[in-house]
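This report refers to the structure that appears directly beneath it.
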Amino acid sequence: MRTGQEREMREKIIDTAIEEFTRNGLKFTMNDVAKALGISKKTIYTVFESKQDVLMAIADRYARDFTDMRQEIEADTELDTLEKLERLFCAIPTKYYNIGLSRIFELAQKYPKQYKYLMEAVGQGWALAEQYLEKGIREAKIRKNISKPVVMAMIRGTVTCFLESDILYKNGLTYEQGKEEMVQIIMKGIREA
């Protein structure tokens, strides 16, 4: 069982690793993290065994935050079906904006285990999004003649492309900007006139 102080140090290391990843991609080192925190690298290794463990902790936190965000969207009675669908399609917990998700392709190439784990968290929302897509069709807010599998394949494919390639990074776009534009295009195409 971790003490409050150990949990606090763990969270600080994760926060700082995210900042370093945003700046340097996977080229960041544990020395960079230690320097930014004003601690020794040895202190980091009392909390995490390796850089891979830090990356897994970042993915764990993202998964928890993503689940919380999905539950908040579902519970929000102020949102209609289309608004919930759009939020799910754009789903990125607020604190992860601008953390360099456009460079996640580096993670896929160098740390496939951590990347797979992160992608499982990203994929958690697809089933719920599909349910809202079906509900929107039943409520006549979404065109009846759309193909749900095609819409979902377009979204999954685009998100995968964004995360597994350097397309956004090379074009100076953040992951958030790319995803918001994708969602606007898709939502415009599926809405009932």
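Labeling convention for the structure tokens: chains A, B, ... as they appear, residues from 1 per chain, ligands from 1 in order of appearance.
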Excluding range 121-137 of chain A and any residue of its chain fewer than 3 positions from it, enumerate the residues within 8 Å of it, using only C-alpha atoms, and give them as a list in words. Ala59, Tyr62, Ala63, Phe66, Thr67, Arg70, Thr81, Leu82, Lys84, Leu85, Leu88, Phe89, Tyr117, Leu118, Ala140, Lys141, Ile142, Arg143, Lys144, Lys148 and Met152 of chain A
Give me a file of those residues, with N, CA and C atoms, as an mmCIF file, in the first residue's frame.
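Output contents, as saved in result10.cif:
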```cif
data_model
loop_
_atom_site.group_PDB
_atom_site.id
_atom_site.type_symbol
_atom_site.label_atom_id
_atom_site.label_comp_id
_atom_site.auth_asym_id
_atom_site.auth_seq_id
_atom_site.Cartn_x
_atom_site.Cartn_y
_atom_site.Cartn_z
ATOM 1 N N ALA A 59 -0.775 5.628 -19.483
ATOM 2 C CA ALA A 59 -1.906 4.974 -20.150
ATOM 3 C C ALA A 59 -2.987 4.588 -19.142
ATOM 4 N N TYR A 62 -4.881 7.723 -18.239
ATOM 5 C CA TYR A 62 -5.734 8.115 -19.355
ATOM 6 C C TYR A 62 -6.983 7.235 -19.399
ATOM 7 N N ALA A 63 -6.795 5.929 -19.222
ATOM 8 C CA ALA A 63 -7.928 4.998 -19.258
ATOM 9 C C ALA A 63 -8.943 5.334 -18.168
ATOM 10 N N PHE A 66 -10.601 8.660 -19.071
ATOM 11 C CA PHE A 66 -11.477 8.473 -20.226
ATOM 12 C C PHE A 66 -12.783 7.805 -19.794
ATOM 13 N N THR A 67 -12.686 6.794 -18.932
ATOM 14 C CA THR A 67 -13.882 6.122 -18.416
ATOM 15 C C THR A 67 -14.752 7.098 -17.636
ATOM 16 N N ARG A 70 -16.514 9.393 -20.131
ATOM 17 C CA ARG A 70 -17.618 8.701 -20.798
ATOM 18 C C ARG A 70 -18.836 8.615 -19.887
ATOM 19 N N THR A 81 -29.073 13.290 -27.825
ATOM 20 C CA THR A 81 -28.359 12.150 -28.400
ATOM 21 C C THR A 81 -27.223 12.586 -29.318
ATOM 22 N N LEU A 82 -27.469 13.557 -30.187
ATOM 23 C CA LEU A 82 -26.423 14.011 -31.112
ATOM 24 C C LEU A 82 -25.262 14.654 -30.376
ATOM 25 N N LYS A 84 -24.314 14.003 -27.311
ATOM 26 C CA LYS A 84 -23.574 12.921 -26.645
ATOM 27 C C LYS A 84 -22.699 12.179 -27.652
ATOM 28 N N LEU A 85 -23.246 11.897 -28.829
ATOM 29 C CA LEU A 85 -22.491 11.212 -29.865
ATOM 30 C C LEU A 85 -21.275 12.034 -30.273
ATOM 31 N N LEU A 88 -18.657 11.950 -27.608
ATOM 32 C CA LEU A 88 -17.970 10.658 -27.577
ATOM 33 C C LEU A 88 -16.976 10.538 -28.735
ATOM 34 N N PHE A 89 -17.362 11.013 -29.916
ATOM 35 C CA PHE A 89 -16.458 10.975 -31.054
ATOM 36 C C PHE A 89 -15.225 11.840 -30.811
ATOM 37 N N TYR A 117 -2.053 -1.031 -25.002
ATOM 38 C CA TYR A 117 -2.826 -0.759 -23.785
ATOM 39 C C TYR A 117 -3.560 0.576 -23.906
ATOM 40 N N LEU A 118 -2.869 1.599 -24.409
ATOM 41 C CA LEU A 118 -3.486 2.908 -24.596
ATOM 42 C C LEU A 118 -4.623 2.831 -25.609
ATOM 43 N N ALA A 140 -34.843 9.869 -35.366
ATOM 44 C CA ALA A 140 -34.893 10.617 -36.634
ATOM 45 C C ALA A 140 -34.011 11.863 -36.601
ATOM 46 N N LYS A 141 -32.946 11.826 -35.838
ATOM 47 C CA LYS A 141 -31.970 12.925 -35.816
ATOM 48 C C LYS A 141 -30.785 12.608 -36.730
ATOM 49 N N ILE A 142 -30.668 11.323 -37.065
ATOM 50 C CA ILE A 142 -29.612 10.855 -37.965
ATOM 51 C C ILE A 142 -30.291 10.140 -39.126
ATOM 52 N N ARG A 143 -29.749 10.355 -40.329
ATOM 53 C CA ARG A 143 -30.337 9.741 -41.522
ATOM 54 C C ARG A 143 -30.440 8.228 -41.369
ATOM 55 N N LYS A 144 -31.581 7.677 -41.754
ATOM 56 C CA LYS A 144 -31.819 6.237 -41.660
ATOM 57 C C LYS A 144 -30.986 5.442 -42.665
ATOM 58 N N LYS A 148 -24.141 2.168 -40.448
ATOM 59 C CA LYS A 148 -23.452 2.286 -39.150
ATOM 60 C C LYS A 148 -22.038 1.702 -39.204
ATOM 61 N N MET A 152 -18.698 3.948 -38.339
ATOM 62 C CA MET A 152 -17.786 3.554 -37.264
ATOM 63 C C MET A 152 -16.399 3.217 -37.819
#
```
Would you pick out the contacts of Ala108 in chain A at 10 Å or less, using only C-alpha atoms, so that residues sharing its chain but fewer than 5 positions from it are not included, and give the list as an mmCIF file with N, CA and C atoms, in the first residue's frame?
```cif
data_model
loop_
_atom_site.group_PDB
_atom_site.id
_atom_site.type_symbol
_atom_site.label_atom_id
_atom_site.label_comp_id
_atom_site.auth_asym_id
_atom_site.auth_seq_id
_atom_site.Cartn_x
_atom_site.Cartn_y
_atom_site.Cartn_z
ATOM 1 N N ARG A 103 1.975 12.752 -31.538
ATOM 2 C CA ARG A 103 3.247 12.017 -31.601
ATOM 3 C C ARG A 103 3.123 10.605 -31.034
ATOM 4 N N LYS A 113 3.674 -2.597 -26.557
ATOM 5 C CA LYS A 113 2.833 -3.066 -25.453
ATOM 6 C C LYS A 113 2.077 -1.900 -24.814
ATOM 7 N N GLN A 114 2.781 -0.811 -24.548
ATOM 8 C CA GLN A 114 2.155 0.368 -23.953
ATOM 9 C C GLN A 114 1.176 1.010 -24.929
ATOM 10 N N TYR A 115 1.523 0.998 -26.210
ATOM 11 C CA TYR A 115 0.627 1.551 -27.223
ATOM 12 C C TYR A 115 -0.670 0.742 -27.291
ATOM 13 N N LYS A 116 -0.545 -0.585 -27.291
ATOM 14 C CA LYS A 116 -1.733 -1.448 -27.351
ATOM 15 C C LYS A 116 -2.640 -1.178 -26.157
ATOM 16 N N LEU A 118 -2.869 1.599 -24.409
ATOM 17 C CA LEU A 118 -3.486 2.908 -24.596
ATOM 18 C C LEU A 118 -4.623 2.831 -25.609
ATOM 19 N N MET A 119 -4.424 2.091 -26.688
ATOM 20 C CA MET A 119 -5.457 1.964 -27.713
ATOM 21 C C MET A 119 -6.685 1.229 -27.188
ATOM 22 N N LEU A 163 -3.188 8.323 -34.817
ATOM 23 C CA LEU A 163 -2.332 7.852 -33.736
ATOM 24 C C LEU A 163 -1.150 7.019 -34.207
ATOM 25 N N GLU A 164 -1.259 6.414 -35.387
ATOM 26 C CA GLU A 164 -0.188 5.529 -35.842
ATOM 27 C C GLU A 164 0.690 6.121 -36.933
ATOM 28 N N SER A 165 0.412 7.342 -37.329
ATOM 29 C CA SER A 165 1.252 7.966 -38.351
ATOM 30 C C SER A 165 1.626 9.377 -37.894
#
```
Tell me which of A:Lys179, A:Arg138, A:Lys27, A:Arg10 sits closest to Ile58 in chain A, counting only C-alpha atoms. A:Arg10
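As for CA of Glu181 in chain A and CA of Glu74 in chain A, they are spaced 22.7 Å apart.
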Name the residues of range 95-190 of chain A that fall into alpha helix (DSSP H) according to DSSP on the backbone, using the chain letters and numbers of this document, as a ChimeraX atom specification. /A:104-110,112-123,126-138,148-164,167-170,175-190
Counting only C-alpha atoms, closest pick from A:Ile186, A:Phe162, A:Pro112, A:Met30 relative to Glu49 in chain A is A:Met30
Find, counting only C-alpha atoms, the residue in A:Ala17, A:Ile190, A:Leu26, A:Leu173 that gets nearest to Val150 in chain A.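 Smallest separation from Val150 in chain A among the options: A:Ile190.
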Closest of A:Ala57, A:Ile146, A:Leu168, A:Leu37 to Gly189 in chain A - atom-to-atom distances counting only C-alpha atoms: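 Under the stated criterion, the closest residue is A:Ile146.
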Atom-to-atom span, CA of Glu86 in chain A and CA of Gln184 in chain A, Å: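 Separation between CA of Glu86 in chain A and CA of Gln184 in chain A: 8.4 Å.
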If you count only C-alpha atoms, which residues fall within 10 Å of Lys42 in chain A, apart from same-chain ones fewer than 4 positions away, as a VMD selection string? chain A and resid 30 to 31 34 46 to 48
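Coordinates place CA of Val159 in chain A at a distance of 10.0 Å from CA of Cys90 in chain A.
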